[in-house]
Amino acid sequence: PALLAIIQFAWSMALAGLRTGNVGVPHAASHLEEDEIFMDLALEGRVFHHLPSLVLSSPSFLKEEFYQRRLHTIVTDFLTLMPLKIKELRNRADDSARNALMHEQEGIQYAVPLSGQHFAQILATVSQLYSGDTLDLSLADLYWCPTESSGAADSRHCPAKQVALYKFVRLAGDLLMPSLYVPYVTMLTGLADTPNAAPHCFSLLKMNGSGSSNVSLDHFFSSLSQYHSNLQQVVPHAGQEIAGLTSVLGLVTVLASRSDQARVAMAEHPGWSVVPTVLGLLGCSVPTPVKAKLVEFLAALAKTADIVHPLWQAIESAQLVASLGARPGLVGELEEIETRAEEFPLTRSFLQLLDRLTDVEIPGALGAGSRQPGFSPYLAFIQDHVFLKFHSRTYKNQGEKWAIAASCLELLHKLVEEYEPSVEDFQGGSSQVGLPPGFCILSHLHQTSLLLRTVLFVLDEARVMLDTFSPFPGKASLEAAATAALKLLQTSLRLSDSFISAGRTAGASTVLTSLSQLLLGLNPRTGRPDHMLNMAKYVLYGYWLPQARLAAVHIIRAVAACPAHQSAILATLTATPAIANMVLKAFTDALDAEEEEEVDVPGAATENSSATRLAILDLLQTGLNMAAPSLSHFLLGFDLKKGVSRSQLQSPHVVGVRTPLHTILCLLSPSEPGVPTPTLATNPQLVTAAYRLVFTLISHPLTSDPTLRYLRSSSSFLLSQLATITYLLSSTSVQSQRSAAWLLRSVAVEIRVLAAARQSSQLAKILGLLLDASESQEDTDLTTTNTSLYPDHTFSQLSRTMAQSQTRQLDTPVSNHRLAAVLNTIDFEMESLSAPTWELFDDSQVAAVLEQCQVTNMDSASQELLIAVPRLHKILAVELSTIQGSAAMNQRAMIQSEIQSILHYAVSWNSVQEGAAARRDLLDSWRQVAETLISLAPSDLLSSSSKQQILLQLLQTLLNKVSGENPVAGLDTLVSSTVLLLLTALRQTYTGTPDKQAIMGDTFVGLLDTTTGETSSEQVYSASLQVVLRGLISWILSAGAGSQAIRTNLYAALLAYLRIGQVAGGDAGQTMELSERGKLQKANLEVVLSYGTNFLEILSRDATTGHEVRRMLALAVLDELVVLDRQAATIRF
């Protein structure tokens, strides 16, 4: 019957809507008139009694926007389309209220008839439909109109429906009978529960104060203070008064929490004196639910930062918690009244109030004068009276138990997060301010105290209950409590080292144990050291608790950061194969966690998931550098029993379980050949960290062999990645340059390993990718994959590469190969960033503070210095708060804007430093690949003539780039060592020994290459050699005398250059002038002499002063020049 009534109500609204809309439905016109009949039927079926209890209170209604919008439409239609019906219901309600009053005065029982209850129920339905506004739909805004000064609705700017609804809201409150007072106020509470509606409601209540209406703020607050004075003379109060009081408090709380203007007015209006009255009422014998409402009202007021300070003082003077006076305060209330009733509304609302107040600040000298200053009584209340005893009390509603635990843990976490460990705290703190609360909490957490046991108990209990995977009352609060407990532990672990070292410096008497060791201790509930296993369980629950997962990963990372803890953690996490697989699944899921979350909840979840993935990669990275076996080796799928270096890594369908290593390779795999992974666009830092992890695996002696073997066999990972490198570097962002740098380093290691093992086919593929044209990458990729069509795999591979390099010798070689392309993308110029001048701050002091805030960036290979912006902000904020005096107040805005600009400067300085470091990294890794390739590539894969052309091209590019105006710091040293190596290699290509191919006998390849062997004595020297020489000499001239390493490298390179073509042992001076070698020498001499005496002067100076190596090299260069120089200009100089 209840559902029937609701359906009749909806049908009647549909008919009324059609009727007023004049929809032409000729065959059903008679039915349209039946809307009133159905409405009466619905009312007889008590539709408004059933709507709140059946529909509005169901949990799915609150989550689904469609339900809310539909019911909103039906209810507003009723209020606008049937005004007469409503008027009739209102009159009935008034009549029955009068009858009830008369009977009550006579002392006779009177049951209100059904028709008289409807109006109150309509008001209750409207209130419940809109209160809370969980989905932020702001549907209630439709009930409010901007008003003119007279109070009439301003109908020009509002649709008719809105005006009608506003009229309903105003008229329903006129001449209220006492029995309708509470429903009406409750309806206003529901309707005011959106940010836009609250100010309208506030102004309506303020206007009512001018008339005789008793629904006005003046009336509310005057009756509150009257109630207070009555209680002091101990006048008992009626139940109706209490109900009225509760509803009014609900309304003002909603107004205060939703509208800033209302908060300020209530707190500062002299006639209302809100705060003193409320605090006074808390001290009187008021029912606990009302006290809870009063405290909630204070918590709503505390949203405005300016009100917080006076509010602290008022609370302090009312001595709610501080138990100096004889009054029992909240502790007595909690221990005696609430515990007996098994319901704790007051404690919960007081925790909410403390949460609000501490959001702004805890005043320094809180409570000074009457007691030891500081936050300690409040902390004792939260920690000792509420949290430590929460699970030994009984509760009517289990959900409340976890709600209280969650509030306490969130408060404790906040207090610890705001705390910076310092030595003074261990020496008793300063007497004016008292000990910071974070210090007390941390010192409890660093001993086997009741607090730590309770926090771990919450985590263990929550794990047990969540493992049932079934709904139970208070599940959301339980999850919030577990998340807060994990965050508390995470923050405490972050501060643990500095806290313990501060204690040691101060010589404190308490024994502090590091928190990570305590977490490896026994769990009293199971008798096993399984706290870390619980953390791994929370990583597994991460798909619906992303914040808990993030905190759990951070905790595991902090505990696993110590090499001594590895065996204990591994013992716990690999106790049985089932547990080990669960842990692997948890971490793999967390790394996979991107795709689903981005669809469901934009924003919050993805930030958490990407932070989690970075934290996991960091955990794996740290563990790889420890002695095996470590947690990272286990997570990456190495076999700990056989030993890490003997493990066989295999693909997931062979092993039967997917490990984080598979996930990382999957994450990096290109979406299509030659295009980097799509994750690069969404989360570049993650890609960089993943490449870095792969490089660590490849370069670490223990893991190198198994990893490289797996990468070659399963996915030819490095080849497919190398194909994407030009695309990867097409964007100049710092992260893509870093990613490319780690990738190139891995390739360099692979080339070295392959060359040592003589695996020519694999090496040929890599050379092909690096030295073939980057445009024609598709067809080279195709040919490399299809080579198995030939009968002899290796041979065909060799001949293919040989043939390519041969044809290239005859024409011009491809100039746009990948190796050169990577070099061309590196920009050697440094962006200029001049430090602005500050008007109010002293330049030198700002520079000193910036220097003081510099920290090394551990994420990059070159570990450049960056400014820690949060730390800088803290220092500047302290600076701002110490400024006093009236003159300073006028300058405050200027100082704030200048602080802003200093922070902006710090951020841009950081980005310049990061950019420079990324380019240094990239050049360094390019250098590693180029040097390894040139020195180790066997001549049957890379003939000497191709090598020459490649070398000349690279040398010219390098020397051109380095001669720029303002090169990035540190690049030139790298370039100089590269130039030295490349020139030495170039000289070797010119030494006229026959090529190695002749050894291979009369094969196809050897025949092709015979040409270079015979003509070696009459080498043709390229004209680009002089370009290289010019570059070298001008660089020597421009490099300052300070850079010894660069000069040394350059002299060695110049020496190698001047000896090009010399036959070992032969006398170099006797070359014929007409031979090619003679022409080369003549050209070289012209270049040298064109620089005049400057060059010779620098040479002679370096030959007599400076480092021994440099002196030797300078003398050797002079020696070569003397040999060259037939006219003896050098000697004359």
# chains A, B, ... in the order shown; residues from 1 in each chain; ligands from 1

$ residues_around --residues "A:Met177" --least-positions-apart "5" --cutoff "10 Å" --atoms "only C-alpha atoms" --output "PyMOL selection string"
chain A and resi 93-98+101+182

$ write_last_selection --atoms "N, CA, C and O atoms" --output "short mmCIF file (atom, residue, chain, number, x, y, z; two decimals), in the first residue's frame"
data_model
loop_
_atom_site.label_atom_id
_atom_site.label_comp_id
_atom_site.auth_asym_id
_atom_site.auth_seq_id
_atom_site.Cartn_x
_atom_site.Cartn_y
_atom_site.Cartn_z
N ALA A 93 -4.21 21.50 9.01
CA ALA A 93 -3.15 21.33 10.01
C ALA A 93 -3.32 22.37 11.12
O ALA A 93 -3.19 22.05 12.31
N ASP A 94 -3.62 23.62 10.74
CA ASP A 94 -3.79 24.66 11.75
C ASP A 94 -4.96 24.33 12.67
O ASP A 94 -4.87 24.47 13.90
N ASP A 95 -6.07 23.89 12.05
CA ASP A 95 -7.25 23.54 12.86
C ASP A 95 -6.90 22.48 13.89
O ASP A 95 -7.18 22.62 15.09
N SER A 96 -6.27 21.38 13.40
CA SER A 96 -6.01 20.29 14.33
C SER A 96 -5.02 20.74 15.39
O SER A 96 -5.09 20.30 16.55
N ALA A 97 -4.12 21.68 15.05
CA ALA A 97 -3.17 22.16 16.05
C ALA A 97 -3.93 22.94 17.14
O ALA A 97 -3.64 22.81 18.35
N ARG A 98 -4.91 23.77 16.72
CA ARG A 98 -5.67 24.53 17.72
C ARG A 98 -6.45 23.57 18.63
O ARG A 98 -6.46 23.72 19.85
N LEU A 101 -4.25 22.07 21.14
CA LEU A 101 -3.89 23.00 22.23
C LEU A 101 -5.03 23.07 23.25
O LEU A 101 -4.80 23.01 24.47
N VAL A 182 8.54 23.16 14.57
CA VAL A 182 9.72 22.29 14.35
C VAL A 182 9.78 21.81 12.89
O VAL A 182 10.82 21.94 12.24
#

$ residues_around --residues "stretch 720-735 of chain A" --least-positions-apart "4" --cutoff "9 Å" --atoms "only C-alpha atoms" --output "MDAnalysis selection string"
chainID A and resid 668:670 673:677 680 684:685 687:688 715:716 739:740 743:744 747 766 769:770 774 777 781 818 821:822 825:826 911 914:919

$ write_last_selection --atoms "N, CA, C and O atoms" --output "compact mmCIF listing (two decimals), in the first residue's frame"
# COMPACT_ATOMS: atom_id res chain seq x y z
N LEU A 668 55.91 0.15 -20.61
CA LEU A 668 56.81 0.87 -21.51
C LEU A 668 56.65 0.45 -22.96
O LEU A 668 57.21 1.08 -23.85
N SER A 669 55.88 -0.65 -23.21
CA SER A 669 55.87 -1.15 -24.58
C SER A 669 55.18 -0.15 -25.50
O SER A 669 54.17 0.44 -25.14
N PRO A 670 55.75 0.06 -26.71
CA PRO A 670 55.20 1.08 -27.62
C PRO A 670 53.81 0.69 -28.09
O PRO A 670 53.50 -0.49 -28.24
N PRO A 673 54.78 0.40 -33.65
CA PRO A 673 56.23 0.49 -33.86
C PRO A 673 56.67 1.94 -34.08
O PRO A 673 56.07 2.66 -34.87
N GLY A 674 57.69 2.32 -33.33
CA GLY A 674 58.25 3.66 -33.52
C GLY A 674 57.55 4.75 -32.75
O GLY A 674 57.95 5.91 -32.79
N VAL A 675 56.46 4.43 -32.05
CA VAL A 675 55.77 5.46 -31.25
C VAL A 675 55.89 5.07 -29.78
O VAL A 675 55.55 3.96 -29.41
N PRO A 676 56.37 5.99 -28.92
CA PRO A 676 56.57 5.60 -27.52
C PRO A 676 55.26 5.29 -26.81
O PRO A 676 54.18 5.58 -27.32
N THR A 677 55.39 4.71 -25.62
CA THR A 677 54.23 4.30 -24.84
C THR A 677 53.27 5.46 -24.58
O THR A 677 53.71 6.59 -24.34
N LEU A 680 53.53 8.02 -21.64
CA LEU A 680 54.45 9.17 -21.63
C LEU A 680 53.65 10.47 -21.60
O LEU A 680 54.06 11.45 -20.97
N PRO A 684 54.59 11.31 -17.39
CA PRO A 684 55.98 11.19 -17.84
C PRO A 684 56.95 10.75 -16.73
O PRO A 684 57.89 10.00 -16.99
N GLN A 685 56.69 11.19 -15.48
CA GLN A 685 57.63 10.82 -14.41
C GLN A 685 57.67 9.31 -14.21
O GLN A 685 58.72 8.73 -13.94
N VAL A 687 57.21 7.04 -16.47
CA VAL A 687 57.98 6.41 -17.55
C VAL A 687 59.48 6.54 -17.27
O VAL A 687 60.25 5.60 -17.41
N THR A 688 59.89 7.75 -16.83
CA THR A 688 61.31 7.95 -16.51
C THR A 688 61.75 6.97 -15.42
O THR A 688 62.80 6.33 -15.54
N SER A 715 60.80 -10.28 -25.79
CA SER A 715 60.10 -9.18 -26.45
C SER A 715 61.01 -8.31 -27.29
O SER A 715 60.56 -7.28 -27.78
N SER A 716 62.30 -8.70 -27.46
CA SER A 716 63.31 -7.80 -28.05
C SER A 716 63.02 -6.37 -27.61
O SER A 716 62.82 -5.45 -28.40
N SER A 739 64.04 10.13 -19.79
CA SER A 739 63.69 8.77 -20.19
C SER A 739 64.65 8.29 -21.27
O SER A 739 65.19 7.18 -21.20
N ALA A 740 64.87 9.15 -22.29
CA ALA A 740 65.75 8.77 -23.39
C ALA A 740 67.15 8.48 -22.86
O ALA A 740 67.83 7.56 -23.32
N LEU A 743 67.31 5.11 -21.32
CA LEU A 743 67.19 4.09 -22.37
C LEU A 743 68.53 3.93 -23.09
O LEU A 743 69.00 2.81 -23.33
N LEU A 744 69.17 5.06 -23.43
CA LEU A 744 70.45 4.98 -24.15
C LEU A 744 71.52 4.31 -23.29
O LEU A 744 72.35 3.56 -23.79
N VAL A 747 71.09 0.73 -23.63
CA VAL A 747 71.54 0.25 -24.94
C VAL A 747 73.06 0.11 -24.94
O VAL A 747 73.63 -0.85 -25.47
N ILE A 766 70.99 -3.86 -33.62
CA ILE A 766 71.12 -2.58 -32.91
C ILE A 766 71.86 -1.57 -33.77
O ILE A 766 71.47 -0.40 -33.89
N LEU A 769 69.63 -0.19 -36.35
CA LEU A 769 68.69 0.83 -35.84
C LEU A 769 69.41 2.16 -35.59
O LEU A 769 68.85 3.22 -35.82
N LEU A 770 70.66 2.08 -35.09
CA LEU A 770 71.33 3.34 -34.73
C LEU A 770 71.86 4.06 -35.97
O LEU A 770 71.89 5.28 -36.00
N SER A 774 66.70 7.35 -40.15
CA SER A 774 65.58 7.21 -39.22
C SER A 774 64.25 7.27 -39.97
O SER A 774 63.24 6.86 -39.46
N GLN A 777 62.82 3.68 -41.06
CA GLN A 777 62.87 2.71 -39.97
C GLN A 777 61.90 1.55 -40.20
O GLN A 777 62.20 0.43 -39.85
N ASP A 781 63.08 -2.32 -39.97
CA ASP A 781 62.50 -3.18 -38.94
C ASP A 781 61.93 -4.45 -39.56
O ASP A 781 62.11 -5.54 -39.05
N ARG A 818 69.97 7.57 -36.67
CA ARG A 818 69.43 7.88 -35.33
C ARG A 818 70.47 8.46 -34.40
O ARG A 818 70.18 9.32 -33.59
N ALA A 821 70.72 11.93 -35.10
CA ALA A 821 69.45 12.62 -34.81
C ALA A 821 69.35 12.93 -33.33
O ALA A 821 68.90 14.01 -32.93
N VAL A 822 69.76 11.97 -32.48
CA VAL A 822 69.68 12.21 -31.03
C VAL A 822 70.56 13.39 -30.66
O VAL A 822 70.17 14.28 -29.90
N THR A 825 69.12 16.78 -31.38
CA THR A 825 68.02 17.31 -30.57
C THR A 825 68.51 17.97 -29.29
O THR A 825 67.77 18.68 -28.64
N ILE A 826 69.78 17.71 -28.91
CA ILE A 826 70.24 18.29 -27.63
C ILE A 826 70.58 19.75 -27.86
O ILE A 826 71.39 20.08 -28.72
N SER A 911 63.41 24.97 -12.71
CA SER A 911 63.12 24.36 -14.02
C SER A 911 64.33 24.53 -14.94
O SER A 911 64.65 23.63 -15.72
N GLU A 914 66.81 21.92 -13.86
CA GLU A 914 66.38 20.58 -14.27
C GLU A 914 66.61 20.36 -15.75
O GLU A 914 67.07 19.31 -16.18
N GLY A 915 66.28 21.41 -16.53
CA GLY A 915 66.48 21.30 -17.98
C GLY A 915 67.95 21.06 -18.31
O GLY A 915 68.29 20.19 -19.12
N ALA A 916 68.83 21.84 -17.67
CA ALA A 916 70.27 21.70 -17.93
C ALA A 916 70.74 20.30 -17.54
O ALA A 916 71.47 19.64 -18.29
N ALA A 917 70.27 19.83 -16.37
CA ALA A 917 70.71 18.51 -15.90
C ALA A 917 70.21 17.42 -16.84
O ALA A 917 70.94 16.47 -17.14
N ALA A 918 68.96 17.58 -17.33
CA ALA A 918 68.42 16.55 -18.23
C ALA A 918 69.26 16.49 -19.50
O ALA A 918 69.55 15.41 -20.02
N ARG A 919 69.69 17.68 -20.00
CA ARG A 919 70.50 17.66 -21.23
C ARG A 919 71.88 17.08 -20.96
O ARG A 919 72.44 16.38 -21.80

$ atom_distance --atom1 "atom CA of A:His633" --atom2 "atom CA of A:Ala558"
16.7 Å

$ closest_residue --among "A:Glu65, A:Glu750, A:Glu400, A:Asp77" --to "A:Trp11" --atoms "only C-alpha atoms"
A:Asp77

$ residues_around --residues "A:Arg453" --least-positions-apart "6" --cutoff "9 Å" --atoms "only C-alpha atoms" --output "MDAnalysis selection string"
chainID A and resid 445 523:524

$ write_last_selection --atoms "N, CA, C and O atoms" --output "PDB file, in the first residue's frame"
ATOM      1  N   LEU A 445      54.895   6.921  19.797  1.00  0.00           N
ATOM      2  CA  LEU A 445      54.984   5.952  18.696  1.00  0.00           C
ATOM      3  C   LEU A 445      56.373   5.332  18.593  1.00  0.00           C
ATOM      4  O   LEU A 445      56.552   4.334  17.905  1.00  0.00           O
ATOM      5  N   ASN A 523      52.906  -9.258  16.474  1.00  0.00           N
ATOM      6  CA  ASN A 523      51.526  -8.783  16.567  1.00  0.00           C
ATOM      7  C   ASN A 523      50.874  -9.553  17.722  1.00  0.00           C
ATOM      8  O   ASN A 523      50.720 -10.774  17.642  1.00  0.00           O
ATOM      9  N   PRO A 524      50.480  -8.865  18.827  1.00  0.00           N
ATOM     10  CA  PRO A 524      49.952  -9.595  19.991  1.00  0.00           C
ATOM     11  C   PRO A 524      48.706 -10.413  19.669  1.00  0.00           C
ATOM     12  O   PRO A 524      48.409 -11.388  20.345  1.00  0.00           O
TER      13      PRO A 524
END

$ residues_around --residues "stretch 482-499 of chain A" --least-positions-apart "4" --cutoff "7 Å" --atoms "only C-alpha atoms" --output "PyMOL selection string"
chain A and resi 406+409-410+413+417+421+442+455+458-459+462+478+503+514-516+547-548+551-552+554-555+558

$ write_last_selection --atoms "C-alpha atoms" --output "mmCIF file, in the first residue's frame"
data_model
loop_
_atom_site.group_PDB
_atom_site.id
_atom_site.type_symbol
_atom_site.label_atom_id
_atom_site.label_comp_id
_atom_site.auth_asym_id
_atom_site.auth_seq_id
_atom_site.Cartn_x
_atom_site.Cartn_y
_atom_site.Cartn_z
ATOM 1 C CA ALA A 406 38.634 7.652 12.570
ATOM 2 C CA LEU A 409 43.351 9.147 14.140
ATOM 3 C CA GLU A 410 42.766 11.943 11.632
ATOM 4 C CA HIS A 413 47.811 12.498 11.929
ATOM 5 C CA GLU A 417 52.124 16.240 10.030
ATOM 6 C CA PRO A 421 61.362 17.586 15.175
ATOM 7 C CA LEU A 442 55.843 10.771 18.144
ATOM 8 C CA VAL A 455 46.968 1.999 16.072
ATOM 9 C CA VAL A 458 42.880 -0.775 14.373
ATOM 10 C CA LEU A 459 44.763 -1.900 11.259
ATOM 11 C CA ALA A 462 40.056 -3.570 9.947
ATOM 12 C CA LEU A 478 36.150 1.577 9.428
ATOM 13 C CA GLY A 503 66.643 13.107 20.767
ATOM 14 C CA SER A 514 63.028 3.412 15.384
ATOM 15 C CA LEU A 515 59.428 2.962 14.282
ATOM 16 C CA SER A 516 60.383 0.726 11.342
ATOM 17 C CA GLN A 547 44.670 6.567 -0.230
ATOM 18 C CA ALA A 548 45.189 3.613 2.089
ATOM 19 C CA ALA A 551 50.149 5.110 2.597
ATOM 20 C CA ALA A 552 50.737 1.347 2.863
ATOM 21 C CA HIS A 554 55.083 4.299 1.646
ATOM 22 C CA ILE A 555 55.232 2.388 4.937
ATOM 23 C CA ALA A 558 60.284 3.152 4.570
#

$ atom_distance --atom1 "atom CA of A:Ala628" --atom2 "atom CA of A:His565"
12.4 Å

$ select_by_dssp --residues "stretch 56-302 of chain A" --states "helix (DSSP H, G or I)" --output "number ranges by chain"
A: 56, 59-63, 65-81, 83-106, 114-130, 139-143, 160-172, 178-191, 197-208, 217-232, 239-258, 260-268, 274-282, 288-301

$ closest_residue --among "A:Phe472, A:Val308, A:Val163, A:Cys440" --to "A:Gly428" --atoms "only C-alpha atoms"
A:Cys440

$ residues_around --residues "A:Leu137" --least-positions-apart "4" --cutoff "9 Å" --atoms "only C-alpha atoms" --output "PyMOL selection string"
chain A and resi 65+68-69+133+194

$ atom_distance --atom1 "atom CA of A:Pro437" --atom2 "atom CA of A:Asp355"
13.7 Å

$ residues_around --residues "A:Val962" --least-positions-apart "4" --cutoff "12 Å" --atoms "only C-alpha atoms" --output "short mmCIF file (atom, residue, chain, number, x, y, z; two decimals) with N, CA, C and O atoms, in the first residue's frame"
data_model
loop_
_atom_site.label_atom_id
_atom_site.label_comp_id
_atom_site.auth_asym_id
_atom_site.auth_seq_id
_atom_site.Cartn_x
_atom_site.Cartn_y
_atom_site.Cartn_z
N LEU A 823 71.78 13.41 -31.24
CA LEU A 823 72.70 14.50 -30.90
C LEU A 823 72.13 15.84 -31.34
O LEU A 823 72.25 16.85 -30.63
N ASN A 824 71.46 15.85 -32.49
CA ASN A 824 70.94 17.12 -32.99
C ASN A 824 69.82 17.68 -32.12
O ASN A 824 69.57 18.88 -32.12
N ILE A 826 69.78 17.71 -28.91
CA ILE A 826 70.24 18.29 -27.63
C ILE A 826 70.58 19.75 -27.86
O ILE A 826 71.39 20.08 -28.72
N ASP A 827 69.95 20.60 -27.09
CA ASP A 827 70.19 22.04 -27.22
C ASP A 827 71.28 22.42 -26.22
O ASP A 827 71.09 22.28 -25.01
N PHE A 828 72.43 22.90 -26.73
CA PHE A 828 73.54 23.18 -25.80
C PHE A 828 73.41 24.54 -25.12
O PHE A 828 74.15 24.85 -24.21
N GLU A 829 72.49 25.37 -25.61
CA GLU A 829 72.38 26.73 -25.05
C GLU A 829 71.64 26.68 -23.71
O GLU A 829 70.63 26.02 -23.58
N MET A 830 72.13 27.45 -22.75
CA MET A 830 71.48 27.53 -21.43
C MET A 830 70.44 28.65 -21.50
O MET A 830 70.74 29.72 -22.05
N LEU A 923 73.26 13.89 -22.96
CA LEU A 923 74.53 13.91 -23.70
C LEU A 923 75.45 12.82 -23.16
O LEU A 923 76.14 12.13 -23.92
N LEU A 955 81.84 14.49 -35.24
CA LEU A 955 82.82 15.47 -34.71
C LEU A 955 82.44 16.89 -35.12
O LEU A 955 82.47 17.81 -34.31
N GLN A 956 82.06 17.05 -36.39
CA GLN A 956 81.69 18.40 -36.83
C GLN A 956 80.50 18.92 -36.04
O GLN A 956 80.49 20.05 -35.57
N THR A 957 79.48 18.03 -35.89
CA THR A 957 78.29 18.47 -35.14
C THR A 957 78.67 18.89 -33.72
O THR A 957 78.25 19.95 -33.24
N LEU A 958 79.47 18.05 -33.05
CA LEU A 958 79.83 18.34 -31.66
C LEU A 958 80.56 19.67 -31.56
O LEU A 958 80.25 20.52 -30.71
N ASN A 966 76.42 30.48 -24.83
CA ASN A 966 76.25 30.27 -23.39
C ASN A 966 75.94 28.80 -23.15
O ASN A 966 74.80 28.43 -22.93
N PRO A 967 76.94 27.92 -23.24
CA PRO A 967 76.62 26.49 -23.15
C PRO A 967 76.20 26.08 -21.75
O PRO A 967 76.53 26.75 -20.78
N VAL A 968 75.44 24.99 -21.67
CA VAL A 968 75.01 24.45 -20.38
C VAL A 968 76.25 24.02 -19.58
O VAL A 968 77.15 23.38 -20.13
N ALA A 969 76.27 24.38 -18.29
CA ALA A 969 77.43 24.07 -17.47
C ALA A 969 77.67 22.58 -17.43
O ALA A 969 76.73 21.80 -17.31
N GLY A 970 78.94 22.16 -17.56
CA GLY A 970 79.26 20.75 -17.43
C GLY A 970 79.19 19.99 -18.74
O GLY A 970 79.71 18.88 -18.84
N LEU A 971 78.55 20.57 -19.78
CA LEU A 971 78.47 19.84 -21.04
C LEU A 971 79.84 19.78 -21.71
O LEU A 971 80.21 18.79 -22.34
N ASP A 972 80.63 20.90 -21.61
CA ASP A 972 81.85 20.96 -22.40
C ASP A 972 82.86 19.89 -21.98
O ASP A 972 83.57 19.34 -22.81
N THR A 973 82.89 19.58 -20.66
CA THR A 973 83.82 18.53 -20.20
C THR A 973 83.47 17.21 -20.86
O THR A 973 84.34 16.48 -21.34
N LEU A 974 82.14 16.91 -20.89
CA LEU A 974 81.69 15.66 -21.52
C LEU A 974 82.09 15.64 -22.99
O LEU A 974 82.63 14.65 -23.50
N VAL A 975 81.82 16.79 -23.67
CA VAL A 975 82.09 16.82 -25.11
C VAL A 975 83.58 16.63 -25.36
O VAL A 975 83.99 15.91 -26.26
N SER A 976 84.44 17.27 -24.52
CA SER A 976 85.87 17.19 -24.79
C SER A 976 86.36 15.75 -24.70
O SER A 976 87.17 15.31 -25.50
N THR A 978 84.54 13.11 -25.24
CA THR A 978 84.01 12.39 -26.40
C THR A 978 84.86 12.67 -27.64
O THR A 978 85.20 11.76 -28.41
N VAL A 979 85.18 13.96 -27.83
CA VAL A 979 85.98 14.35 -29.01
C VAL A 979 87.31 13.60 -29.01
O VAL A 979 87.76 13.09 -30.04
N GLY A 1031 87.76 23.75 -35.61
CA GLY A 1031 86.91 23.70 -34.41
C GLY A 1031 87.74 23.46 -33.17
O GLY A 1031 87.56 24.12 -32.14
N LEU A 1032 88.68 22.52 -33.26
CA LEU A 1032 89.50 22.18 -32.09
C LEU A 1032 90.30 23.38 -31.62
O LEU A 1032 90.33 23.70 -30.42
N SER A 1034 89.92 26.63 -32.24
CA SER A 1034 89.17 27.77 -31.68
C SER A 1034 88.62 27.42 -30.30
O SER A 1034 88.51 28.28 -29.43
N TRP A 1035 88.30 26.17 -30.06
CA TRP A 1035 87.83 25.78 -28.72
C TRP A 1035 88.96 25.92 -27.71
O TRP A 1035 88.78 26.42 -26.60
N ILE A 1036 90.17 25.47 -28.11
CA ILE A 1036 91.32 25.62 -27.19
C ILE A 1036 91.51 27.09 -26.85
O ILE A 1036 91.77 27.47 -25.70
N SER A 1038 89.22 29.42 -26.82
CA SER A 1038 88.14 30.00 -26.02
C SER A 1038 88.03 29.38 -24.64
O SER A 1038 87.49 29.99 -23.72
N ALA A 1039 88.54 28.15 -24.46
CA ALA A 1039 88.42 27.51 -23.13
C ALA A 1039 89.33 28.24 -22.16
O ALA A 1039 90.51 28.44 -22.44
#

$ residues_around --residues "A:Ala314" --least-positions-apart "3" --cutoff "8 Å" --atoms "only C-alpha atoms" --output "list in words"
Val275, Pro276, Leu279, Pro310, Leu311, Ser317 and Ala318 of chain A
